[in-house]
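Report on the structure given below.
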Amino acid sequence: MVARVIPVDDFDLVIFGGTGDLARRKILPGLYRRFWSEQMPPAARIIGAARTDQDSDAWRAFVREAIEEFVSPAKRVPETVEAFLDCLSYVPIDAMGTDGWADLRALMRPEAVQAFYFSVAPSLFGPIAERLKDNAIARDDARIVVEKPFGRDLETAKALNATLATHFDEAQIYRIDHYLGKETVQNLMAVRFANMLFEPLWNAQYIDHVQITVAETVGVGGRGSYYDKSGAMRDMVQNHLMQLLCLTAMEPPAHFEPNAVRDEKLKVIRALDPVEPGDIVRGQYQAGADGASYLDDVEDSASRTESFVAMKLHISNWRWNGTPFYLRTGKRMKSRMSEIVIQFKEPPHNIFTEAVSPRCNILTIRLQPDEGIDLRMTIKEPGPGGMRLVEVPMDMTFAEALGPEVADIPDAYERLIMDVIRGNQTLFMRGDEVEAAWGWTDPIIAGWTRSEHVPLPYEPGTAGPEDALILLYRDGRRWREISA
Ligand code: BG6
């Protein structure tokens, strides 16, 4: 099977923060890959805008290096790289002042789709939005893309939303959560809503519990100053894990259309119960054989910020009453592994003997590594010797099921940027969703601050603090092994 690529319309994409780390690692290599796959039209323009005083050639050299570092050799065809670099220009710009804006206006074309990527600190969102309007650069159909962190609590998120709303309509604002651009995350919707098999069972009557794990092996070294002010709750749970939870738990939307999907996600966040303090475990990694401790990685040697969090959640609605959702995420864990696990209940009556009781069906949606879907079923063990039951996987690793070309899956960022150009907001967060997520997160963080809560230490290369295991043991359940 060959992957189908549908070219997008001609566009002008301005990247504010065009010399930054995200641009270098994700945005620019991603755009190159879309160019290589012929999805990006050769006439499209990418304009870097940042404080650095340099010309377009200097920025092209920076982009060339980024491509060399972050694009696989098979896709780094010299003529294609040169053709891509020809689409690039650069404008030195003062986000807080007046310099550079006239130059930027001169580069914009009247007919092409207009997109402005704010890959900058949130404090610059307002000044940039204002200047785009005051200098008559952004048209009424322009799209703006904003990066996380979208605020650090409900109050700051509301203020950011209000600032952006002064200059742009909600339909023009694309708030990125790159987890929504991951292939398997979208597949979750396909599995649920394009098959008859699962949806009738997708409720508290048949599902025992749900586990969502996002485990990373990296620490916070290099990003310590940002991370120490955030912690796992703000950095991962409020956004990425919350989005995974929403897509798993939401009601079927009437259409696969931005507001229909986002309305359903919002209802899930609003139905979340406040979390009991005893249902959350916070951790902080210690030093290990191959790396520094969390406290060595950040400036504040007495920091109480968590690098791990595990929790048990309840969704108060008809579908989920009685089915707990367990979430966990952490740095410096055993393996890099992200998955959503749906554990079904046992059959109501065992017709077999005790010794051969059927196991629970488990549906696993693997985000990384080896994106795919796996369903565990109980069957008879082949051969003579009476009825013996055995658990077997029905494994749909995409690379195996669909072939390497289709499974050469675009990075989340490149997919989402193409959605911006297409004008499709389905995989972006709406302002009210972000606010609702902060509204749920804030009291938890405030509780920790009030009680001066100290995270539990955990060994790097493990599944986090022991108490996270106990969170499930005490309910008679077990986390899935964290394995690559
Ligand atoms: C980012 C967080 O949003 O997501 C990082 O700020 C985290 O701390 C990263 O490492 C994880 O993304 P991925 O795609 O590597 O799972």
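Labels used: A, B, ... for chains in the order of the structure tokens, numbers from 1 for residues in each chain, and numbers from 1 for ligands as shown.
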* Asked: Would you give me, as a ChimeraX atom specification, the residues in stretch 206-405 of chain A that DSSP reads as strand (DSSP E or B)?
  -> /A:207-215,272,280-285,288,291,308-313,315,325-330,333,337-344,362-368,372-380,389-397
Neighbouring residues of ligand 1 are defined here as those with any atom at most 7 Å from a ligand atom, counting only C-alpha atoms and all ligand atoms; list them as a PDB file with N, CA and C atoms, in the first residue's frame.
ATOM      1  N   HIS A 178       0.670  18.707  20.525  1.00  0.00           N
ATOM      2  CA  HIS A 178       1.196  17.830  19.474  1.00  0.00           C
ATOM      3  C   HIS A 178       0.751  16.378  19.650  1.00  0.00           C
ATOM      4  N   TYR A 179       0.253  16.013  20.846  1.00  0.00           N
ATOM      5  CA  TYR A 179      -0.238  14.644  21.016  1.00  0.00           C
ATOM      6  C   TYR A 179      -1.435  14.369  20.104  1.00  0.00           C
ATOM      7  N   GLU A 216       8.696   8.437  29.823  1.00  0.00           N
ATOM      8  CA  GLU A 216       9.851   8.914  29.055  1.00  0.00           C
ATOM      9  C   GLU A 216      11.132   8.489  29.762  1.00  0.00           C
ATOM     10  N   ASP A 235       3.089  20.262  32.635  1.00  0.00           N
ATOM     11  CA  ASP A 235       3.802  19.991  31.384  1.00  0.00           C
ATOM     12  C   ASP A 235       3.128  18.886  30.562  1.00  0.00           C
ATOM     13  N   MET A 236       2.561  17.894  31.229  1.00  0.00           N
ATOM     14  CA  MET A 236       2.041  16.723  30.507  1.00  0.00           C
ATOM     15  C   MET A 236       0.569  16.417  30.776  1.00  0.00           C
TER      16      MET A 236
END
Would you list the contacts of stretch 438-440 of chain A as a PDB file with N, CA and C atoms, in the first residue's frame, taking every protein, DNA or RNA residue within 9 Å and counting only C-alpha atoms, but skipping same-chain residues closer than 4 positions in sequence?
ATOM      1  N   GLY A 151      -0.651  29.258  29.076  1.00  0.00           N
ATOM      2  CA  GLY A 151      -0.923  29.673  30.452  1.00  0.00           C
ATOM      3  C   GLY A 151      -0.281  28.718  31.431  1.00  0.00           C
ATOM      4  N   ARG A 152      -0.322  29.082  32.718  1.00  0.00           N
ATOM      5  CA  ARG A 152       0.175  28.165  33.743  1.00  0.00           C
ATOM      6  C   ARG A 152      -0.910  27.878  34.783  1.00  0.00           C
ATOM      7  N   ASP A 153      -2.069  28.487  34.583  1.00  0.00           N
ATOM      8  CA  ASP A 153      -3.240  28.204  35.406  1.00  0.00           C
ATOM      9  C   ASP A 153      -4.450  28.815  34.697  1.00  0.00           C
ATOM     10  N   LEU A 154      -5.617  28.678  35.327  1.00  0.00           N
ATOM     11  CA  LEU A 154      -6.825  29.161  34.668  1.00  0.00           C
ATOM     12  C   LEU A 154      -6.763  30.662  34.406  1.00  0.00           C
ATOM     13  N   GLU A 155      -6.263  31.382  35.379  1.00  0.00           N
ATOM     14  CA  GLU A 155      -6.250  32.842  35.242  1.00  0.00           C
ATOM     15  C   GLU A 155      -5.381  33.297  34.059  1.00  0.00           C
ATOM     16  N   ALA A 157      -4.423  31.491  31.520  1.00  0.00           N
ATOM     17  CA  ALA A 157      -4.986  30.985  30.252  1.00  0.00           C
ATOM     18  C   ALA A 157      -6.125  31.889  29.787  1.00  0.00           C
ATOM     19  N   ARG A 234       1.600  20.237  34.978  1.00  0.00           N
ATOM     20  CA  ARG A 234       1.359  21.298  33.984  1.00  0.00           C
ATOM     21  C   ARG A 234       1.938  20.929  32.620  1.00  0.00           C
ATOM     22  N   GLN A 238      -2.093  18.274  32.182  1.00  0.00           N
ATOM     23  CA  GLN A 238      -3.127  19.262  31.850  1.00  0.00           C
ATOM     24  C   GLN A 238      -3.418  19.274  30.343  1.00  0.00           C
ATOM     25  N   ASN A 239      -2.449  18.914  29.543  1.00  0.00           N
ATOM     26  CA  ASN A 239      -2.637  18.984  28.092  1.00  0.00           C
ATOM     27  C   ASN A 239      -2.638  17.583  27.451  1.00  0.00           C
ATOM     28  N   ILE A 269     -14.121  16.784  30.206  1.00  0.00           N
ATOM     29  CA  ILE A 269     -13.354  17.535  31.224  1.00  0.00           C
ATOM     30  C   ILE A 269     -14.309  18.051  32.298  1.00  0.00           C
ATOM     31  N   ARG A 270     -15.467  18.506  31.846  1.00  0.00           N
ATOM     32  CA  ARG A 270     -16.429  19.057  32.808  1.00  0.00           C
ATOM     33  C   ARG A 270     -17.019  17.980  33.707  1.00  0.00           C
ATOM     34  N   LEU A 272     -15.274  15.500  34.963  1.00  0.00           N
ATOM     35  CA  LEU A 272     -14.247  14.910  35.838  1.00  0.00           C
ATOM     36  C   LEU A 272     -14.505  15.301  37.290  1.00  0.00           C
ATOM     37  N   ASP A 273     -14.447  14.325  38.170  1.00  0.00           N
ATOM     38  CA  ASP A 273     -14.564  14.632  39.604  1.00  0.00           C
ATOM     39  C   ASP A 273     -13.253  15.265  40.075  1.00  0.00           C
ATOM     40  N   PRO A 274     -13.313  16.082  41.122  1.00  0.00           N
ATOM     41  CA  PRO A 274     -12.059  16.528  41.725  1.00  0.00           C
ATOM     42  C   PRO A 274     -11.313  15.284  42.241  1.00  0.00           C
ATOM     43  N   VAL A 275      -9.992  15.321  42.205  1.00  0.00           N
ATOM     44  CA  VAL A 275      -9.231  14.125  42.615  1.00  0.00           C
ATOM     45  C   VAL A 275      -8.943  14.190  44.110  1.00  0.00           C
ATOM     46  N   GLU A 433     -11.818  24.639  26.066  1.00  0.00           N
ATOM     47  CA  GLU A 433     -11.263  23.343  26.487  1.00  0.00           C
ATOM     48  C   GLU A 433     -10.035  23.546  27.367  1.00  0.00           C
ATOM     49  N   VAL A 434      -9.155  24.453  26.898  1.00  0.00           N
ATOM     50  CA  VAL A 434      -7.923  24.714  27.650  1.00  0.00           C
ATOM     51  C   VAL A 434      -8.274  25.266  29.024  1.00  0.00           C
ATOM     52  N   ILE A 444      -5.718  20.955  42.258  1.00  0.00           N
ATOM     53  CA  ILE A 444      -4.776  19.884  42.641  1.00  0.00           C
ATOM     54  C   ILE A 444      -3.419  20.515  42.965  1.00  0.00           C
TER      55      ILE A 444
END
* Asked: Which is closest to A:Arg478 among A:Lys26, A:Lys345, A:His209, A:Arg376, if we use only C-alpha atoms?
  ->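 Looking at the shortest contact to A:Arg478, the residue is A:His209.
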* **Counting only C-alpha atoms, the option among A:Asp279, A:Glu251, A:Glu371, A:Asp21 closest to A:Ala66** => A:Asp21
* Asked: If you count only C-alpha atoms, which residues fall within 8 Å of stretch 35-43 of chain A, apart from same-chain ones fewer than 3 positions away, as a VMD selection string?
  -> chain A and resid 5 to 11 31 to 32 75 80 83 to 84 87
Could those selected residues go to a file with C-alpha atoms, as a PDB file, in the first residue's frame?
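This is the output file part_24.pdb:
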ATOM      1  CA  VAL A   5      -0.510  12.613  -0.091  1.00  0.00           C
ATOM      2  CA  ILE A   6      -2.996  15.341  -0.915  1.00  0.00           C
ATOM      3  CA  PRO A   7      -1.195  18.626  -1.684  1.00  0.00           C
ATOM      4  CA  VAL A   8      -2.281  21.664   0.297  1.00  0.00           C
ATOM      5  CA  ASP A   9      -2.999  25.111  -1.171  1.00  0.00           C
ATOM      6  CA  ASP A  10      -0.258  27.660  -1.715  1.00  0.00           C
ATOM      7  CA  PHE A  11       0.625  29.414   1.555  1.00  0.00           C
ATOM      8  CA  LEU A  31       7.997  21.269   6.720  1.00  0.00           C
ATOM      9  CA  TYR A  32      10.919  19.922   4.738  1.00  0.00           C
ATOM     10  CA  LYS A  75      14.858  11.960   2.551  1.00  0.00           C
ATOM     11  CA  THR A  80      15.075  18.709  -2.899  1.00  0.00           C
ATOM     12  CA  ALA A  83      14.460  23.634  -3.741  1.00  0.00           C
ATOM     13  CA  PHE A  84      13.033  23.751  -0.212  1.00  0.00           C
ATOM     14  CA  CYS A  87      11.049  28.770  -0.433  1.00  0.00           C
TER      15      CYS A  87
END
* Asked: A:Leu241, A:Ala436, A:Val281, A:Ala204: which is nearest A:Thr323, counting only C-alpha atoms?
  ->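 Comparing A:Leu241, A:Ala436, A:Val281, A:Ala204 against A:Thr323, the winner is A:Ala204.
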* Asked: What separation in Å, quoted to one decimal, exists between atom CA of A:Pro252 and atom CA of A:Ile417?
  ->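 Calculated distance between atom CA of A:Pro252 and atom CA of A:Ile417 is 25.6 Å.
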* To do: Using only C-alpha atoms, determine which residues lie at most 8 Å from stretch 287-300 of chain A, disregarding the query and same-chain residues fewer than 3 positions distant; provide the list as a list in words.
  =>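 The neighbour list is Gly219, Val220, Gly221, Gly222, Gly224, Ser225, Asp228, Gln284, Ser303, Ser307, Glu459 and Pro460 of chain A.
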Would you save the residues from that selection as a PDB file, in the first residue's frame, using C-alpha atoms?
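Saved file out.pdb follows:
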ATOM      1  CA  GLY A 219      15.275  13.756  32.313  1.00  0.00           C
ATOM      2  CA  VAL A 220      14.722  17.493  32.406  1.00  0.00           C
ATOM      3  CA  GLY A 221      18.386  18.410  31.925  1.00  0.00           C
ATOM      4  CA  GLY A 222      18.716  21.374  29.577  1.00  0.00           C
ATOM      5  CA  GLY A 224      15.374  22.643  33.922  1.00  0.00           C
ATOM      6  CA  SER A 225      14.490  26.317  34.259  1.00  0.00           C
ATOM      7  CA  ASP A 228      10.906  23.343  37.372  1.00  0.00           C
ATOM      8  CA  GLN A 284      10.896  13.109  41.649  1.00  0.00           C
ATOM      9  CA  SER A 303      12.677  22.030  44.534  1.00  0.00           C
ATOM     10  CA  SER A 307       8.816  14.767  37.488  1.00  0.00           C
ATOM     11  CA  GLU A 459      14.961   5.360  41.046  1.00  0.00           C
ATOM     12  CA  PRO A 460      15.599   6.223  37.419  1.00  0.00           C
TER      13      PRO A 460
END
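Residues within 12 Å of A:Ala260, counting only C-alpha atoms and excluding same-chain residues fewer than 3 positions away, are Met250, Glu251, Pro252, Pro253, Ala254, His255, Phe256, Glu257, Asp263, Glu264, Lys265, Leu266, Lys267, Gln425, Thr426, Leu427 and Arg430 of chain A.
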